[in-house]
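Accompanying notes for the structure given below.
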Amino acid sequence: MTRLAGPIFAAIMALFIAGCTKVDYSALTQSLEASYAAATPRYGDSDPVHDWEGGGPHGFPVHGIDVSKWQGEIDWKTVRRAGIEFAFIKATEGGDMLDDAFMRNWNGARRAGVPRSAYHFFYFCTSARQQARWFIRNVPRESGSLPHVLDMEWNSKSPTCRFRPPAQTVRKEMDVFLDMIERHYGKRPIIYTTVDFHRDNLAGHMDDEVFWLRSVAAHPKVTYPGRQWAFWQYTGTGLVPGVNGDTDINVFAGDRGQWRDWLEVATR
């Protein structure tokens, strides 16, 4: 365990376990709350929130996007010039679905100099082992990429699988997927989740994992009490130059110096 020294980094802790990075942000966001009130949105939004319960996202200095084929052709150079500093790119879903735009986005972001990782949308009617093998088959093992992402959420609109396993089974399957991806890529994946899924399966569990949380009307401390987080998805209707139409926008939990330190370790 290595604690970053100096007053600027007093709130951040990096754990280097088998090449992985885990970050403790329990006090970090408190140091940024003073900037909430004065901050103005950096990007447009087709359905903006004007009154954020617990504090808004705009005071965080590091913003990024997550995208899939639904964003169409993305001008990654324009995205980078607009100040976007990271991207989560959809790669796979279940055990047999590959996002049509994955490799185009994967290579485009790299060429534009946008740090990126791939995410997998979990499907509850296929084993975690089969899904991990599918992800590994389709996502290159490259130095310089961010830790990949396991996307865990209920999908009540799925035409093929609306199964909701017991919470203990969900967490067991998650561990299988996380462990397999970590062994292959050398980095522990980040977990993305939503309020209802977290409440049903993850609250009070998996405290050693790194989380990316969706919360589109309130600060995560309100919607996920007690949960530490590294990334916050604060809108699904953001407007970013270089992306046609709406896109998800996210923030990193730390300041710019902490971002540089995390990025240096996370992209090894």
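By order of appearance in the structure tokens: chains A, B, ..., then residues from 1 within every chain, and ligands from 1 in the order shown.
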
Which polymer residues have any atom within 8 Å of an atom of Glu93 of chain A, counting only C-alpha atoms, with same-chain residues fewer than 5 positions away left out, as a PyMOL selection string? chain A and resi 98-99+120-123+131

With C-alpha atoms retained, write the just-selected residues as a JSON list (two decimals), in the first residue's frame.
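selection-v8.json was written with the following content:
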```json
[["chain", "number", "residue", "atom", "x", "y", "z"],
["A", 98, "LEU", "CA", -20.01, -6.68, -30.03],
["A", 99, "ASP", "CA", -20.78, -2.98, -30.35],
["A", 120, "HIS", "CA", -18.94, -4.65, -20.92],
["A", 121, "PHE", "CA", -22.70, -4.67, -20.34],
["A", 122, "PHE", "CA", -23.53, -7.68, -18.16],
["A", 123, "TYR", "CA", -26.27, -10.10, -19.24],
["A", 131, "GLN", "CA", -18.97, -13.15, -20.89]]
```

Selection near Gly54 of chain A, 7 Å with only C-alpha atoms, sequence-local residues under 5 positions removed, as a short mmCIF file (atom, residue, chain, number, x, y, z; two decimals) with N, CA, C and O atoms, in the first residue's frame:
```
data_model
loop_
_atom_site.label_atom_id
_atom_site.label_comp_id
_atom_site.auth_asym_id
_atom_site.auth_seq_id
_atom_site.Cartn_x
_atom_site.Cartn_y
_atom_site.Cartn_z
N ALA A 218 -28.62 14.36 -8.36
CA ALA A 218 -28.09 14.60 -7.02
C ALA A 218 -26.64 14.12 -6.96
O ALA A 218 -26.21 13.28 -7.77
N HIS A 219 -25.90 14.64 -6.00
CA HIS A 219 -24.53 14.18 -5.75
C HIS A 219 -24.57 12.71 -5.33
O HIS A 219 -25.51 12.28 -4.65
N VAL A 222 -25.62 11.56 -1.90
CA VAL A 222 -27.05 11.52 -1.59
C VAL A 222 -27.66 10.20 -2.07
O VAL A 222 -28.42 9.55 -1.35
#
```

Which polymer residues have any atom within 9 Å of an atom of Lys69 of chain A, counting only C-alpha atoms, with same-chain residues fewer than 3 positions away left out, as a PDB file with C-alpha atoms, in the first residue's frame?
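Output file part.pdb follows:
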```pdb
ATOM      1  CA  GLY A  72     -22.754   7.554 -34.454  1.00  0.00           C
ATOM      2  CA  GLU A  73     -19.549   8.860 -36.035  1.00  0.00           C
ATOM      3  CA  LYS A  90     -18.807   0.178 -25.154  1.00  0.00           C
ATOM      4  CA  ASP A  99     -20.777  -2.976 -30.350  1.00  0.00           C
ATOM      5  CA  ASP A 100     -20.612  -2.118 -34.052  1.00  0.00           C
ATOM      6  CA  ALA A 101     -18.612   1.052 -33.415  1.00  0.00           C
ATOM      7  CA  PHE A 102     -16.199  -0.297 -30.822  1.00  0.00           C
ATOM      8  CA  ASN A 105     -14.127   4.514 -31.366  1.00  0.00           C
TER       9      ASN A 105
END
```

In Å to one decimal, how far is atom CA of Pro189 of chain A from atom CA of His148 of chain A?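 These two atoms are separated by 4.9 Å.
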
Going by DSSP on the backbone, which residues of segment 13-241 of chain A come out as strand (DSSP E or B)? List them as number ranges by chain. A: 13-17, 20-23, 44-45, 53, 63-67, 87-93, 97-98, 116-121, 149-152, 190-193, 211-214, 218, 231-239

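Residues within 12 Å of Arg81 of chain A, counting only C-alpha atoms and excluding same-chain residues fewer than 4 positions away, are Asp75, Trp76, Lys77, Glu85, Ala112, Gly113, Val114, Val240, Pro241 and Gly242 of chain A.
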
Only N, CA, C and O atoms, please: the residues just picked out, written as an mmCIF file, in the first residue's frame.
```cif
data_model
loop_
_atom_site.group_PDB
_atom_site.id
_atom_site.type_symbol
_atom_site.label_atom_id
_atom_site.label_comp_id
_atom_site.auth_asym_id
_atom_site.auth_seq_id
_atom_site.Cartn_x
_atom_site.Cartn_y
_atom_site.Cartn_z
ATOM 1 N N ASP A 75 -16.164 12.684 -33.893
ATOM 2 C CA ASP A 75 -14.944 13.410 -34.251
ATOM 3 C C ASP A 75 -14.101 13.521 -32.992
ATOM 4 O O ASP A 75 -14.252 14.461 -32.200
ATOM 5 N N TRP A 76 -13.207 12.568 -32.787
ATOM 6 C CA TRP A 76 -12.468 12.480 -31.532
ATOM 7 C C TRP A 76 -11.497 13.638 -31.343
ATOM 8 O O TRP A 76 -11.245 14.061 -30.207
ATOM 9 N N LYS A 77 -10.972 14.186 -32.405
ATOM 10 C CA LYS A 77 -10.074 15.332 -32.254
ATOM 11 C C LYS A 77 -10.830 16.550 -31.724
ATOM 12 O O LYS A 77 -10.322 17.289 -30.872
ATOM 13 N N GLU A 85 -11.312 14.524 -21.224
ATOM 14 C CA GLU A 85 -10.024 13.963 -20.818
ATOM 15 C C GLU A 85 -10.022 12.455 -20.638
ATOM 16 O O GLU A 85 -8.981 11.863 -20.342
ATOM 17 N N ALA A 112 -6.565 10.483 -31.120
ATOM 18 C CA ALA A 112 -6.797 11.850 -30.669
ATOM 19 C C ALA A 112 -6.141 12.142 -29.324
ATOM 20 O O ALA A 112 -6.159 13.289 -28.866
ATOM 21 N N GLY A 113 -5.586 11.116 -28.686
ATOM 22 C CA GLY A 113 -4.940 11.314 -27.400
ATOM 23 C C GLY A 113 -5.888 11.354 -26.224
ATOM 24 O O GLY A 113 -5.572 11.952 -25.190
ATOM 25 N N VAL A 114 -7.050 10.695 -26.352
ATOM 26 C CA VAL A 114 -8.009 10.632 -25.251
ATOM 27 C C VAL A 114 -7.825 9.309 -24.511
ATOM 28 O O VAL A 114 -8.056 8.245 -25.092
ATOM 29 N N VAL A 240 -21.631 17.613 -26.342
ATOM 30 C CA VAL A 240 -20.180 17.777 -26.409
ATOM 31 C C VAL A 240 -19.768 17.976 -27.860
ATOM 32 O O VAL A 240 -20.161 17.184 -28.729
ATOM 33 N N PRO A 241 -19.013 19.010 -28.168
ATOM 34 C CA PRO A 241 -18.534 19.188 -29.543
ATOM 35 C C PRO A 241 -17.813 17.938 -30.046
ATOM 36 O O PRO A 241 -17.000 17.341 -29.339
ATOM 37 N N GLY A 242 -18.150 17.527 -31.264
ATOM 38 C CA GLY A 242 -17.568 16.324 -31.843
ATOM 39 C C GLY A 242 -18.463 15.107 -31.747
ATOM 40 O O GLY A 242 -18.209 14.095 -32.402
#
```

Could you give me, as JSON, numbers by chain, the residues within 9 Å of Phe231 of chain A, counting only C-alpha atoms and dropping anything in the same chain fewer than 4 positions from it? {"A": [192, 210, 211, 212, 213, 214, 250, 251, 252, 253]}

Excluding Ala203 of chain A and its own-chain neighbours fewer than 4 positions away, which residues fall within 8 Å of it when counting only C-alpha atoms? Please give them as a PyMOL selection string. chain A and resi 198-199+224+227

Give me, as a ChimeraX atom specification, all polymer residues having an atom no more than 9 Å from Arg164 of chain A, counting only C-alpha atoms and skipping those fewer than 3 positions away in the same chain. /A:124,154,161,167,170

Please, which residues of segment 48-115 of chain A, numbered as in this document, come out alpha helix (DSSP H) from DSSP, as JSON, numbers by chain? {"A": [76, 77, 78, 79, 80, 81, 102, 103, 104, 105, 106, 107, 108, 109, 110, 111, 112]}

Atomic distance atom CA of Ile65 of chain A - atom CA of Gly238 of chain A, expressed in Å with one decimal: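 For atom CA of Ile65 of chain A relative to atom CA of Gly238 of chain A, the distance reads 9.0 Å.
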
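With distances restricted to only C-alpha atoms, A:Ile74 is the closest residue to Asn107 of chain A from A:Val216, A:Thr126, A:His184, A:Ile74.
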